[in-house]
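S.K.: Dropping in start-v1.txt, which is compact mmCIF, C-alpha atoms:
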```txt
# COMPACT_ATOMS: atom_id res chain seq x y z
CA MET A 1 14.30 23.93 -24.90
CA PRO A 2 14.45 23.51 -21.08
CA VAL A 3 15.79 19.92 -21.33
CA PHE A 4 19.28 19.41 -22.73
CA VAL A 5 20.25 15.85 -23.66
CA PHE A 6 23.73 14.37 -23.94
CA THR A 7 24.19 10.81 -25.16
CA SER A 8 27.26 8.59 -24.83
CA CYS A 9 25.53 5.26 -25.59
CA LYS A 10 24.16 5.56 -29.11
CA ASN A 11 23.98 1.75 -29.43
CA PHE A 12 21.13 1.62 -26.90
CA VAL A 13 18.88 4.55 -27.84
CA SER A 14 17.90 6.04 -31.20
CA LYS A 15 17.88 9.74 -32.00
CA ASN A 16 14.12 9.52 -32.45
CA LEU A 17 13.58 8.04 -28.98
CA GLU A 18 15.93 10.63 -27.51
CA LYS A 19 13.76 13.40 -28.99
CA LYS A 20 10.56 11.78 -27.69
CA ILE A 21 11.91 11.46 -24.14
CA THR A 22 13.07 15.09 -24.28
CA SER A 23 9.63 16.23 -25.44
CA ARG A 24 7.84 14.36 -22.63
CA LEU A 25 10.24 15.71 -20.00
CA ASN A 26 9.57 19.22 -21.25
CA GLN A 27 5.87 18.47 -20.91
CA ALA A 28 6.47 17.25 -17.34
CA LEU A 29 8.20 20.54 -16.49
CA LYS A 30 5.11 22.38 -17.74
CA GLU A 31 2.86 20.17 -15.62
CA LEU A 32 5.02 21.16 -12.64
CA LYS A 33 4.66 24.82 -13.69
CA LEU A 34 8.45 25.09 -13.95
CA TYR A 35 8.28 26.97 -17.23
CA LYS A 36 11.69 28.68 -16.96
CA LYS A 37 13.63 25.84 -15.36
CA GLU A 38 16.24 23.78 -17.22
CA VAL A 39 17.34 20.17 -16.82
CA SER A 40 20.41 18.34 -18.07
CA LEU A 41 19.73 14.71 -19.10
CA THR A 42 22.68 12.46 -19.84
CA LEU A 43 22.21 8.94 -21.26
CA VAL A 44 25.09 6.60 -20.48
CA ASP A 45 26.00 2.90 -20.21
CA ASN A 46 26.47 0.72 -17.11
CA SER A 47 30.21 1.28 -16.77
CA THR A 48 29.83 5.07 -16.79
CA ILE A 49 27.08 5.18 -14.20
CA TRP A 50 29.03 2.66 -12.10
CA GLU A 51 31.99 5.04 -12.03
CA LEU A 52 29.75 7.95 -11.03
CA ASN A 53 28.10 5.93 -8.25
CA LEU A 54 31.47 4.96 -6.85
CA LYS A 55 32.94 8.46 -7.10
CA TYR A 56 30.06 10.48 -5.67
CA LEU A 57 28.00 8.06 -3.55
CA GLY A 58 30.43 5.30 -2.59
CA ARG A 59 28.29 2.67 -4.30
CA ASP A 60 30.36 0.03 -6.05
CA TYR A 61 27.63 -0.99 -8.51
CA PRO A 62 25.63 0.50 -11.40
CA THR A 63 22.17 1.96 -10.75
CA ASN A 64 19.52 2.83 -13.31
CA VAL A 65 19.40 6.56 -12.55
CA LEU A 66 21.33 9.26 -10.68
CA SER A 67 20.20 12.79 -9.92
CA PHE A 68 22.23 15.77 -8.79
CA SER A 69 19.95 18.57 -7.67
CA PHE A 70 20.94 22.24 -7.82
CA PHE A 71 17.47 23.28 -6.63
CA GLY A 72 17.83 26.30 -4.34
CA LYS A 73 21.60 25.84 -4.00
CA GLN A 74 24.03 28.72 -4.27
CA GLY A 75 26.77 28.73 -6.87
CA PHE A 76 24.57 27.38 -9.68
CA PRO A 77 22.38 29.22 -12.19
CA SER A 78 18.97 29.77 -10.58
CA ASN A 79 17.17 28.36 -13.61
CA LEU A 80 19.12 25.05 -13.63
CA LEU A 81 17.30 22.37 -11.61
CA GLY A 82 20.12 19.86 -11.93
CA GLU A 83 21.40 16.81 -13.78
CA ILE A 84 19.73 13.47 -14.46
CA ILE A 85 21.97 10.60 -15.55
CA ILE A 86 20.38 7.37 -16.78
CA SER A 87 22.06 4.12 -17.69
CA VAL A 88 20.11 3.20 -20.81
CA GLU A 89 21.85 -0.19 -20.74
CA LYS A 90 20.51 -0.83 -17.23
CA ALA A 91 17.07 0.46 -18.18
CA LYS A 92 16.93 -1.95 -21.13
CA GLU A 93 17.99 -4.88 -18.91
CA GLU A 94 15.32 -4.06 -16.32
CA ALA A 95 12.55 -3.47 -18.86
CA GLU A 96 13.25 -6.90 -20.37
CA PHE A 97 13.41 -8.53 -16.94
CA TYR A 98 10.08 -7.03 -15.79
CA GLY A 99 8.42 -7.41 -19.20
CA LEU A 100 7.80 -3.67 -19.60
CA ASN A 101 7.68 -1.36 -22.62
CA PHE A 102 11.24 0.01 -22.87
CA LYS A 103 10.28 3.48 -24.10
CA ASN A 104 7.86 4.05 -21.23
CA TYR A 105 10.18 2.50 -18.65
CA LEU A 106 13.00 4.80 -19.76
CA LEU A 107 10.63 7.76 -19.46
CA SER A 108 9.58 6.65 -15.96
CA LEU A 109 13.25 6.67 -14.89
CA ALA A 110 13.66 10.17 -16.31
CA ILE A 111 10.59 11.32 -14.34
CA HIS A 112 11.98 9.63 -11.22
CA GLY A 113 15.18 11.62 -11.70
CA LEU A 114 13.24 14.84 -12.32
CA VAL A 115 11.26 14.45 -9.08
CA HIS A 116 14.56 13.89 -7.24
CA LEU A 117 15.75 17.25 -8.59
CA LEU A 118 12.90 18.89 -6.67
CA ASP A 119 14.41 17.44 -3.45
CA TYR A 120 11.94 14.56 -3.11
CA ASP A 121 13.84 11.60 -1.64
CA HIS A 122 12.53 8.05 -1.28
CA GLU A 123 15.46 7.12 0.99
CA LYS A 124 14.57 9.55 3.77
CA GLY A 125 11.82 9.50 6.38
CA ILE A 126 8.67 7.44 6.72
CA PHE A 127 6.35 9.24 4.33
CA SER A 128 8.86 10.49 1.76
CA PRO A 129 8.79 7.32 -0.43
CA TRP A 130 5.00 7.56 -0.71
CA LEU A 131 5.03 11.26 -1.46
CA MET A 132 7.72 10.90 -4.12
CA LEU A 133 6.00 7.98 -5.80
CA LYS A 134 2.68 9.81 -5.78
CA LYS A 135 4.29 12.70 -7.66
CA GLU A 136 5.95 10.33 -10.16
CA ILE A 137 2.67 8.56 -10.89
CA GLN A 138 0.81 11.86 -11.34
CA LEU A 139 3.39 13.02 -13.89
CA PHE A 140 3.64 9.70 -15.71
CA GLU A 141 -0.14 9.47 -16.06
CA LYS A 142 -0.06 12.80 -17.91
CA VAL A 143 3.04 12.43 -20.09
CA GLY A 144 3.54 8.67 -20.60
CA PHE A 145 3.48 7.14 -24.08
CA SER A 146 0.24 5.28 -24.81
CA GLU A 147 1.86 1.95 -25.77
CA GLY A 148 2.56 -0.09 -22.62
CA LYS A 149 1.58 2.79 -20.33
CA GLU A 150 -0.74 0.80 -18.04
CA GLU A 151 1.87 -1.91 -17.42
CA VAL A 152 4.48 0.64 -16.35
CA LEU A 153 1.92 2.48 -14.20
CA ASN A 154 1.02 -0.76 -12.43
CA PHE A 155 4.72 -1.48 -11.95
CA LEU A 156 5.22 1.94 -10.35
CA LYS A 157 2.23 1.47 -8.06
CA ARG A 158 3.67 -1.81 -6.77
CA ARG A 159 7.10 -0.36 -6.07
CA GLU A 160 6.71 1.58 -2.85
CA TYR A 161 3.87 2.74 -0.68
CA MET A 162 3.22 4.90 2.33
CA PRO A 163 3.83 2.94 5.55
CA ALA A 164 0.91 0.61 6.01
CA LYS A 165 -1.94 1.77 8.21
CA LEU A 166 -3.04 0.03 11.40
CA ALA A 167 -6.71 -0.61 12.16
CA VAL A 168 -7.17 -1.78 15.75
CA ASN A 169 -9.85 -4.36 16.57
CA VAL A 170 -11.36 -3.78 20.04
CA ASP A 171 -13.57 -6.89 20.10
CA HIS A 172 -11.64 -8.53 22.92
CA VAL A 173 -12.10 -5.59 25.25
CA ALA A 174 -15.79 -6.44 24.94
CA THR A 175 -14.90 -10.13 25.48
CA VAL A 176 -13.47 -9.26 28.90
CA ARG A 177 -16.56 -7.17 29.67
CA GLU A 178 -18.89 -10.03 28.72
CA ALA A 179 -16.95 -12.51 30.90
CA ARG A 180 -18.63 -10.86 33.93
CA LYS A 181 -21.54 -9.18 32.13
CA ALA A 182 -20.24 -5.95 33.66
CA PRO A 183 -20.37 -2.46 32.12
CA TYR A 184 -16.58 -2.41 31.88
CA PRO A 185 -14.06 -2.47 30.31
CA ASP A 186 -15.76 -0.43 27.61
CA PRO A 187 -14.64 -0.98 23.98
CA VAL A 188 -15.69 2.62 23.28
CA HIS A 189 -13.09 3.85 25.78
CA ALA A 190 -10.54 1.45 24.23
CA ALA A 191 -11.27 2.80 20.75
CA VAL A 192 -10.55 6.38 21.85
CA LEU A 193 -7.28 5.34 23.52
CA ALA A 194 -6.30 3.30 20.42
CA GLU A 195 -6.71 6.43 18.30
CA LEU A 196 -4.58 8.41 20.73
CA GLY A 197 -1.93 5.72 20.32
CA GLY A 198 -1.93 6.23 16.54
CA ALA A 199 -4.58 3.83 15.21
CA ASP A 200 -5.71 4.71 11.68
CA GLY A 201 -9.07 3.04 12.18
CA ILE A 202 -11.17 1.02 14.61
CA VAL A 203 -12.49 -2.46 13.81
CA VAL A 204 -15.46 -4.19 15.47
CA HIS A 205 -16.99 -7.54 14.57
CA LEU A 206 -20.73 -7.60 15.21
CA ARG A 207 -21.32 -11.34 15.40
CA LEU A 208 -24.58 -13.13 14.79
CA ASP A 209 -24.68 -14.24 18.44
CA ARG A 210 -23.51 -10.83 19.76
CA ARG A 211 -20.99 -12.60 21.98
CA HIS A 212 -18.88 -9.50 22.51
CA ILE A 213 -19.60 -6.36 20.47
CA LYS A 214 -23.17 -5.05 20.70
CA GLU A 215 -25.10 -2.60 18.53
CA ARG A 216 -24.69 -0.03 21.30
CA ASP A 217 -20.88 -0.30 21.01
CA VAL A 218 -20.92 0.21 17.25
CA ARG A 219 -23.16 3.26 17.47
CA LEU A 220 -21.08 4.95 20.17
CA ILE A 221 -17.73 4.15 18.55
CA LYS A 222 -18.97 5.55 15.24
CA GLU A 223 -19.98 8.74 17.04
CA VAL A 224 -16.80 9.35 19.06
CA ILE A 225 -13.84 8.25 16.93
CA LYS A 226 -12.04 10.65 14.63
CA THR A 227 -10.62 8.10 12.18
CA LYS A 228 -12.72 5.45 10.42
CA LEU A 229 -14.99 2.64 11.60
CA ILE A 230 -14.63 -0.79 10.01
CA LEU A 231 -17.52 -3.15 10.70
CA GLU A 232 -16.85 -6.87 10.27
CA MET A 233 -19.92 -9.00 9.75
CA ALA A 234 -21.41 -12.02 8.03
CA ILE A 235 -23.78 -11.66 5.09
CA ASP A 236 -27.04 -11.40 6.99
CA GLU A 237 -30.14 -9.40 6.16
CA LYS A 238 -30.44 -7.79 9.62
CA LEU A 239 -26.74 -6.96 9.78
CA ILE A 240 -26.81 -5.37 6.33
CA LYS A 241 -29.79 -3.27 7.41
CA PHE A 242 -27.90 -2.21 10.55
CA ALA A 243 -24.77 -1.33 8.53
CA LYS A 244 -26.83 0.84 6.17
CA GLU A 245 -28.24 2.65 9.21
CA ILE A 246 -24.84 3.20 10.92
CA LYS A 247 -22.89 3.86 7.70
CA PRO A 248 -19.38 2.79 8.74
CA TYR A 249 -16.51 3.75 6.45
CA GLN A 250 -16.08 0.10 5.49
CA VAL A 251 -17.78 -3.26 5.94
CA THR A 252 -15.61 -6.36 5.87
CA LEU A 253 -17.64 -9.43 4.95
CA VAL A 254 -16.45 -12.55 6.77
CA PRO A 255 -17.62 -16.14 7.06
CA GLU A 256 -19.04 -16.99 10.45
CA ARG A 257 -19.99 -20.10 12.41
CA THR A 258 -21.60 -19.71 15.83
CA GLU A 259 -19.47 -22.46 17.39
CA GLU A 260 -16.10 -21.05 16.31
CA ILE A 261 -13.92 -19.22 18.84
CA THR A 262 -12.62 -16.80 16.20
CA THR A 263 -12.95 -16.52 12.42
CA GLU A 264 -11.37 -19.71 11.12
CA GLY A 265 -10.73 -18.86 7.49
CA GLY A 266 -11.55 -16.70 4.52
CA MET A 267 -14.82 -16.63 2.60
CA ASP A 268 -15.54 -19.46 0.19
CA LEU A 269 -16.64 -17.72 -3.00
CA THR A 270 -17.10 -20.90 -5.02
CA GLY A 271 -20.79 -20.94 -5.93
CA ASN A 272 -21.39 -17.83 -3.79
CA VAL A 273 -20.30 -15.00 -6.08
CA GLU A 274 -23.85 -13.81 -6.84
CA LYS A 275 -24.81 -13.80 -3.14
CA VAL A 276 -21.73 -11.77 -2.24
CA LYS A 277 -22.16 -9.50 -5.26
CA LYS A 278 -25.71 -8.65 -4.13
CA ALA A 279 -24.52 -7.73 -0.62
CA VAL A 280 -21.63 -5.65 -2.00
CA LYS A 281 -23.96 -3.77 -4.33
CA GLU A 282 -26.44 -3.00 -1.53
CA LEU A 283 -23.71 -1.72 0.80
CA ASN A 284 -21.98 0.28 -1.94
CA LYS A 285 -25.30 1.90 -2.80
CA ALA A 286 -25.44 3.14 0.81
CA GLY A 287 -21.97 4.71 0.37
CA ILE A 288 -20.07 1.99 2.24
CA LYS A 289 -16.82 0.49 0.92
CA VAL A 290 -16.72 -3.32 1.03
CA SER A 291 -13.83 -5.64 1.84
CA LEU A 292 -13.82 -9.43 1.49
CA PHE A 293 -11.89 -11.54 4.01
CA LEU A 294 -10.15 -14.19 1.89
CA ASN A 295 -7.52 -16.87 2.26
CA PRO A 296 -4.30 -16.14 0.32
CA ASP A 297 -5.61 -18.15 -2.61
CA GLU A 298 -5.27 -17.00 -6.22
CA GLU A 299 -8.58 -18.49 -7.40
CA ALA A 300 -10.50 -16.88 -4.53
CA ILE A 301 -9.04 -13.47 -5.38
CA LYS A 302 -9.90 -13.89 -9.06
CA LEU A 303 -13.48 -14.77 -8.11
CA ALA A 304 -13.60 -11.74 -5.81
CA LYS A 305 -13.10 -9.51 -8.84
CA LYS A 306 -16.58 -10.57 -10.00
CA THR A 307 -18.25 -9.37 -6.79
CA GLY A 308 -17.52 -5.66 -7.20
CA ALA A 309 -15.77 -5.37 -3.80
CA GLN A 310 -13.18 -2.61 -3.48
CA ILE A 311 -10.89 -4.19 -0.88
CA ILE A 312 -9.38 -7.58 -0.13
CA GLU A 313 -8.27 -8.49 3.39
CA ILE A 314 -5.87 -11.42 3.21
CA HIS A 315 -6.27 -13.96 5.99
CA THR A 316 -2.85 -14.29 7.66
CA GLY A 317 -3.86 -16.91 10.22
CA MET A 318 -2.06 -19.84 8.58
CA TYR A 319 1.16 -17.82 8.54
CA ALA A 320 0.72 -16.72 12.16
CA GLU A 321 -0.03 -20.22 13.40
CA ALA A 322 2.68 -22.06 11.43
CA GLU A 323 4.45 -24.58 13.67
CA ASP A 324 7.89 -24.35 12.07
CA GLU A 325 9.96 -22.00 9.93
CA LEU A 326 9.52 -24.03 6.74
CA LYS A 327 5.72 -23.89 6.99
CA ARG A 328 5.84 -20.19 7.90
CA GLU A 329 7.91 -19.44 4.80
CA GLU A 330 5.46 -21.38 2.65
CA GLU A 331 2.47 -19.45 4.03
CA PHE A 332 4.34 -16.16 3.76
CA GLY A 333 4.94 -16.85 0.07
CA LYS A 334 1.20 -17.35 -0.45
CA ILE A 335 0.48 -13.99 1.19
CA GLU A 336 3.05 -12.24 -1.03
CA THR A 337 1.60 -13.79 -4.19
CA ALA A 338 -1.98 -13.05 -3.16
CA ALA A 339 -1.17 -9.41 -2.32
CA ARG A 340 0.54 -8.88 -5.67
CA LEU A 341 -2.32 -10.45 -7.62
CA ALA A 342 -4.97 -8.49 -5.72
CA LYS A 343 -3.14 -5.23 -6.40
CA GLU A 344 -2.80 -6.07 -10.10
CA LEU A 345 -6.56 -6.73 -10.24
CA GLY A 346 -7.23 -3.27 -8.83
CA PHE A 347 -8.05 -4.09 -5.21
CA ILE A 348 -6.92 -2.14 -2.17
CA VAL A 349 -5.06 -4.78 -0.16
CA HIS A 350 -5.39 -5.27 3.60
CA ALA A 351 -4.30 -8.17 5.81
CA GLY A 352 -5.06 -9.53 9.24
CA HIS A 353 -5.72 -12.37 11.69
CA GLY A 354 -3.26 -13.76 14.21
CA LEU A 355 -0.67 -11.05 13.62
CA SER A 356 1.44 -10.21 16.66
CA TYR A 357 4.45 -8.19 17.76
CA GLU A 358 6.63 -11.20 16.99
CA ASN A 359 5.44 -12.00 13.45
CA ILE A 360 4.25 -8.67 11.98
CA GLY A 361 7.65 -7.60 10.55
CA PRO A 362 7.92 -9.74 7.39
CA VAL A 363 4.27 -9.26 6.41
CA ALA A 364 4.41 -5.51 7.08
CA ALA A 365 7.26 -5.28 4.57
CA ILE A 366 5.06 -6.53 1.69
CA PRO A 367 4.58 -3.30 -0.30
CA GLU A 368 1.17 -4.12 -1.76
CA ILE A 369 -0.48 -4.36 1.68
CA GLU A 370 -1.82 -0.95 2.69
CA GLU A 371 -3.45 -1.73 6.03
CA PHE A 372 -3.36 -4.30 8.82
CA SER A 373 -6.27 -5.26 11.05
CA ILE A 374 -4.94 -6.41 14.43
CA GLY A 375 -6.84 -6.99 17.65
CA HIS A 376 -6.06 -9.84 20.03
CA SER A 377 -2.32 -9.26 20.35
CA ILE A 378 -2.78 -5.50 20.88
CA VAL A 379 -5.51 -5.95 23.50
CA SER A 380 -3.37 -8.58 25.24
CA ARG A 381 -0.39 -6.22 25.27
CA ALA A 382 -2.62 -3.38 26.47
CA ILE A 383 -3.40 -5.31 29.66
CA MET A 384 0.30 -4.95 30.52
CA VAL A 385 1.26 -1.53 29.16
CA GLY A 386 -1.99 0.27 28.34
CA MET A 387 -3.85 0.67 25.05
CA LYS A 388 -2.05 3.81 23.82
CA GLU A 389 1.38 2.27 24.31
CA ALA A 390 0.36 -1.10 22.85
CA VAL A 391 -0.90 0.56 19.66
CA ARG A 392 2.14 2.83 19.42
CA GLU A 393 4.51 -0.17 19.70
CA MET A 394 2.68 -2.11 16.96
CA LYS A 395 2.58 0.87 14.63
CA GLU A 396 6.29 1.46 15.14
CA LEU A 397 7.02 -2.15 14.12
CA ILE A 398 4.99 -1.68 10.94
CA TRP A 399 6.81 1.55 10.10
CA LYS A 400 10.21 -0.03 10.71
CA ALA A 401 9.32 -2.90 8.37
CA ARG A 402 8.83 -0.38 5.57
CA GLY A 403 12.15 1.32 6.29
```
Would you write the structure of this file as structure tokens?
M.R.:
Amino acid sequence: MPVFVFTSCKNFVSKNLEKKITSRLNQALKELKLYKKEVSLTLVDNSTIWELNLKYLGRDYPTNVLSFSFFGKQGFPSNLLGEIIISVEKAKEEAEFYGLNFKNYLLSLAIHGLVHLLDYDHEKGIFSPWLMLKKEIQLFEKVGFSEGKEEVLNFLKRREYMPAKLAVNVDHVATVREARKAPYPDPVHAAVLAELGGADGIVVHLRLDRRHIKERDVRLIKEVIKTKLILEMAIDEKLIKFAKEIKPYQVTLVPERTEEITTEGGMDLTGNVEKVKKAVKELNKAGIKVSLFLNPDEEAIKLAKKTGAQIIEIHTGMYAEAEDELKREEEFGKIETAARLAKELGFIVHAGHGLSYENIGPVAAIPEIEEFSIGHSIVSRAIMVGMKEAVREMKELIWKARG
């Protein structure tokens, strides 16, 4: 057998479970097409793994898993991938703490160690954590035990993600244009420069009163950008017809009042689920993903599940506008809770409104949030340093927040 198991903590794991973990690891090696490779798996207690952490990594504490890769290294048998060492005691503590099936959680740690042996490393680079986790999830989906599998999968998906994406809203370039009713500055030009600065998408809000972005802008931006177009709009028959004609990558449905300066809050779904569901269905039928702009409210997110929308954009305005640190912490906690709940319900999670260079850091560190929609602060910064540089600076802050 390619996997050799050594156990020094028989009080924590049965011989039967040991055999089952070995069998699934062997299956994982086959999935990786590593038919002739061998792995050493050692199951220990907290004190043993603590000693190993201190001796080899300078860590004066126990971890759940250690991996020592021999992959491609001279002086070791070419068929030996390396050693995985798991503290079964630690695994049991963590499974109980997180409310997870112990057998599957132990297997997930073994898979984590196996992926490490292939030189994947979640502690290096910007994209490495995402790539490693993606590989772990792919393997676990194929070899995990059926009992409690979904809970452990959801736990893995919440753990780490690729650095969040940045979608840049160019509405306020059009606001400056409309101040003089001139042909410039052109939001189409701004969208191209934003992409050159690293934007992962371009956002435009086609308002009912057309106060800034016009249909012409949406058409041209859709034609020239290389990333994705996100169209924000109210639920309106003419706007839905226009969206179906243009076919943006995504439509974000937002509440709208003509007299407001900017969007003042998330959608109120109470009593409106069927109306929203109808709009979502019509847009989805045209091949357009739909996001709902919602306050960080648990009940609103639960109602959103009934609409069929694929994405939730959490309204971060209350956090951004908080007058003191205590209030900011309170609002931040709501965003964290809302993001976690939305992810557990199967939504892709985005966030936006009022986010700036000064307040983006904490929110960007929330692992469930996959994309931020930011406009006013970037356009304001662009007046001083240019659009490419303003986007680059914001994206760098988001990346740093994710380590």
S.K.: Quick one, how far is atom CA of A:Ile288 from atom CA of A:Gln250?
M.R.: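 Atom-to-atom, atom CA of A:Ile288 and atom CA of A:Gln250 are spaced 5.5 Å apart.
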S.K.: Rounded to one decimal, what separation in Å do you get between atom CA of A:His315 and atom CA of A:His189?
M.R.: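 Atom CA of A:His189 lies at a distance of 27.5 Å from atom CA of A:His315.
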S.K.: For atom CA of A:Val349 and atom CA of A:Glu368, determine how far apart the two atoms are, in Å to one decimal place.
M.R.: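 We find that atom CA of A:Val349 and atom CA of A:Glu368 lie 6.5 Å from each other.
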S.K.: Could you give me, as a VMD selection string, the residues within 10 Å of A:Lys247, counting all atoms listed in the file and dropping anything in the same chain fewer than 5 positions from it?
M.R.: chain A and resid 219 222 229 to 231 241 to 242 283 286 to 289
S.K.: Go ahead and save the residues from that selection, with C-alpha atoms, as a PDB file, in the coordinates of the input.
M.R.:
```pdb
ATOM      1  CA  ARG A 219     -23.160   3.260  17.470  1.00  0.00           C
ATOM      2  CA  LYS A 222     -18.970   5.550  15.240  1.00  0.00           C
ATOM      3  CA  LEU A 229     -14.990   2.640  11.600  1.00  0.00           C
ATOM      4  CA  ILE A 230     -14.630  -0.790  10.010  1.00  0.00           C
ATOM      5  CA  LEU A 231     -17.520  -3.150  10.700  1.00  0.00           C
ATOM      6  CA  LYS A 241     -29.790  -3.270   7.410  1.00  0.00           C
ATOM      7  CA  PHE A 242     -27.900  -2.210  10.550  1.00  0.00           C
ATOM      8  CA  LEU A 283     -23.710  -1.720   0.800  1.00  0.00           C
ATOM      9  CA  ALA A 286     -25.440   3.140   0.810  1.00  0.00           C
ATOM     10  CA  GLY A 287     -21.970   4.710   0.370  1.00  0.00           C
ATOM     11  CA  ILE A 288     -20.070   1.990   2.240  1.00  0.00           C
ATOM     12  CA  LYS A 289     -16.820   0.490   0.920  1.00  0.00           C
TER      13      LYS A 289
END
```
S.K.: Residues within 12 Å of A:Lys238, please, as a PyMOL selection string. Count only C-alpha atoms; anything in the same chain fewer than 3 positions from it doesn't count.
M.R.: chain A and resi 206-208+215+233-235+241-245+279
S.K.: Using all atoms listed in the file, which residue out of A:Val152, A:Ile126, A:Ile213, A:Val44 lies closest to A:Val173?
M.R.: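 Answer, going by the shortest atom-to-atom distance: A:Ile213.
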S.K.: Counting all atoms listed in the file, which of A:Arg257, A:Lys285, A:Ser291, A:Pro183 gets nearest to A:Glu232?
M.R.: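 When distances to A:Glu232 are compared using all atoms listed in the file, the smallest one comes from A:Ser291.
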S.K.: A:Lys306: which residues within 9 Å, counting all atoms listed in the file, same-chain residues fewer than 3 positions away excluded, as a list in words?
M.R.: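 Here the answer would be Val273, Glu274, Lys277, Lys302, Leu303 and Ala309 of chain A.
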S.K.: May I have a table of the residues of stretch 97-140 of chain A lying at most 12 Å from stretch 10-31 of chain A, giving each one's closest pair of atoms and their distance in Å to one decimal, counting only C-alpha atoms, ordered by chain and ascending residue number, as CSV?
M.R.:
```
residue,atom,partner,partner_atom,distance
A:Phe102,CA,A:Val13,CA,10.2
A:Lys103,CA,A:Leu17,CA,7.4
A:Asn104,CA,A:Ile21,CA,8.9
A:Tyr105,CA,A:Ile21,CA,10.6
A:Leu106,CA,A:Ile21,CA,8.0
A:Leu107,CA,A:Ile21,CA,6.1
A:Ser108,CA,A:Ile21,CA,9.8
A:Leu109,CA,A:Ile21,CA,10.5
A:Ala110,CA,A:Leu25,CA,7.5
A:Ile111,CA,A:Leu25,CA,7.2
A:His112,CA,A:Leu25,CA,10.8
A:Gly113,CA,A:Leu25,CA,10.5
A:Leu114,CA,A:Leu25,CA,8.3
A:Val115,CA,A:Ala28,CA,10.0
A:Leu117,CA,A:Leu29,CA,11.4
A:Leu118,CA,A:Leu29,CA,11.0
A:Lys135,CA,A:Ala28,CA,10.9
A:Glu136,CA,A:Ala28,CA,10.0
A:Ile137,CA,A:Ala28,CA,11.5
A:Gln138,CA,A:Glu31,CA,9.6
A:Leu139,CA,A:Ala28,CA,6.3
A:Phe140,CA,A:Ala28,CA,8.2
```
S.K.: Generate a file of the selected residues that holds C-alpha atoms, formatted as a CSV table (one decimal), in the coordinates of the input.
M.R.:
```csv
chain,number,residue,atom,x,y,z
A,102,PHE,CA,11.2,0.0,-22.9
A,103,LYS,CA,10.3,3.5,-24.1
A,104,ASN,CA,7.9,4.0,-21.2
A,105,TYR,CA,10.2,2.5,-18.6
A,106,LEU,CA,13.0,4.8,-19.8
A,107,LEU,CA,10.6,7.8,-19.5
A,108,SER,CA,9.6,6.6,-16.0
A,109,LEU,CA,13.2,6.7,-14.9
A,110,ALA,CA,13.7,10.2,-16.3
A,111,ILE,CA,10.6,11.3,-14.3
A,112,HIS,CA,12.0,9.6,-11.2
A,113,GLY,CA,15.2,11.6,-11.7
A,114,LEU,CA,13.2,14.8,-12.3
A,115,VAL,CA,11.3,14.4,-9.1
A,117,LEU,CA,15.8,17.2,-8.6
A,118,LEU,CA,12.9,18.9,-6.7
A,135,LYS,CA,4.3,12.7,-7.7
A,136,GLU,CA,6.0,10.3,-10.2
A,137,ILE,CA,2.7,8.6,-10.9
A,138,GLN,CA,0.8,11.9,-11.3
A,139,LEU,CA,3.4,13.0,-13.9
A,140,PHE,CA,3.6,9.7,-15.7
```
S.K.: For A:Glu89, please output as a PyMOL selection string all residues within 10 Å (counting only C-alpha atoms; exclusion window: fewer than 3 positions along the same chain).
M.R.: chain A and resi 9+11-13+43-47+49+64+86+92-94
S.K.: Name the closest residue to A:Phe332 among the candidates A:Gly386, A:Gly361, A:Gly99, A:Pro129; distances are taken between atoms, counting all atoms listed in the file.
M.R.: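 Residue with the minimum atom-to-atom distance to A:Phe332: A:Gly361.
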S.K.: With distances taken over only C-alpha atoms, which of A:Leu80, A:Leu32, A:Leu54, A:Ala304 is nearest to A:Val3?
M.R.: A:Leu80
S.K.: For A:Ile383, which residue out of A:Leu66, A:His172, A:Lys334, A:Asp236 is the nearest one, using only C-alpha atoms?
M.R.: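 Checking each candidate against A:Ile383, we get A:His172 as the closest.
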S.K.: Listing only residues of stretch 185-286 of chain A within 12 Å of stretch 376-379 of chain A, what is the closest atom pair and its distance in Å (to one decimal) for each, using all atoms listed in the file, sorted by chain and residue number ascending, as CSV?
M.R.:
```
residue,atom,partner,partner_atom,distance
A:Pro185,CA,A:Val379,CA,11.5
A:Pro187,CA,A:Val379,CA,10.4
A:Ala190,CA,A:Val379,CA,9.0
A:Ala191,CA,A:Val379,CA,10.8
A:Leu193,CA,A:Val379,CA,11.4
A:Ala194,CA,A:Ile378,CA,9.5
A:Gly197,CA,A:Ile378,CA,11.3
A:Ala199,CA,A:Ile378,CA,11.1
A:Val203,CA,A:His376,CA,11.6
A:Val204,CA,A:His376,CA,11.9
A:Thr262,CA,A:His376,CA,10.3
```
